[in-house]
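Please read the structure below before turning to the comments.
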Amino acid sequence: FLTAWLLASRVHQSLFACGALWNPVVDLPAMYSTTDIPEWCLAEALGPDAPLVARWPLEPEQLLELYARSPISKVDSVKAPCLVLLGDSDMRVPPSQGRTWVAAIESLPTPAPVDAVEYPGEGHALGGAEANAHAMQTALQWLASHLRE
């Protein structure tokens, strides 16, 4: 979530040469109805006074606020290369979140370089020993190559 925001921030983007996103939250309205932690989405977007359980469906104003507080709302500002690592069985942050980020960047007139790796059968932590080791090695190699440029 934070890495996506920093990459999309017009104020701070010059500080970052690249960013690696591990099962990122990028679209709060989409995540709200597909996650096992919908109350986190409300708290993140609507603040400490957000209801822990909202009436479904959300009000249009709530959806607009969730979107405005989502990194996807500023994706057109992303200039730095991105690596997205996804567990395709993640129930906490559905992999559609990362796929949306990749697709949005790739659809820009001048897209930033974006690479994505999905791990079959893996959840939010990419907790399988093989997947976790591969994700860590991939991220380290990717970061090293992009920070040398």
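Going through the structure tokens in order, the chains are called A, B, and so on, while each chain numbers its residues from 1 and the ligands are numbered from 1 in the order shown.
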**Q.** Exercise: stretch 60-65 of chain A partners within 9 Å, only C-alpha atoms, chain neighbours under 5 positions left out, as a ChimeraX atom specification
**A.** /A:28-29,42,45-46,70
Q) So which residues touch A:His146 within 12 Å, counting only C-alpha atoms, skipping near sequence neighbours fewer than 2 positions away, as number ranges by chain? A) A: 16-20, 80-83, 113-115, 139-144, 148-149
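Across the structure, atom CA of A:Gly98 and atom CA of A:Trp56 are spaced 24.6 Å apart.
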Q: Once DSSP has gone over the backbone, tell me which residues of stretch 89-131 of chain A are in strand (DSSP E), as an NGL selection string.
A: :A and (114-119)
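Counting only C-alpha atoms, A:Lys74 has the following residues at most 12 Å away, ignoring those fewer than 3 positions along the same chain: A:Ala4, A:Trp5, A:Leu6, A:Leu7, A:Ala8, A:Ser9, A:Arg10, A:Val11, A:Gln13, A:Val26, A:Asp27, A:Tyr67, A:Ala68, A:Arg69, A:Ser70, A:Pro71, A:Ser77, A:Val78, A:Lys79, A:Trp101, A:Ala104, A:Ile105, A:Leu108.
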Q: Measuring atom to atom with only C-alpha atoms, identify which of A:Leu21, A:Ala50, A:Leu85, A:Val102 is nearest to A:Glu118.
A: A:Leu85
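Compared by their closest atoms to A:Leu126, and using only C-alpha atoms, the residues A:Ser107, A:Thr35, A:Ser73, A:Asn23 rank with A:Asn23 nearest.
Across A:Asp76, A:Pro38, A:Gln97, A:Glu44, the tightest approach to A:Pro24 is made by A:Gln97 when counting only C-alpha atoms.
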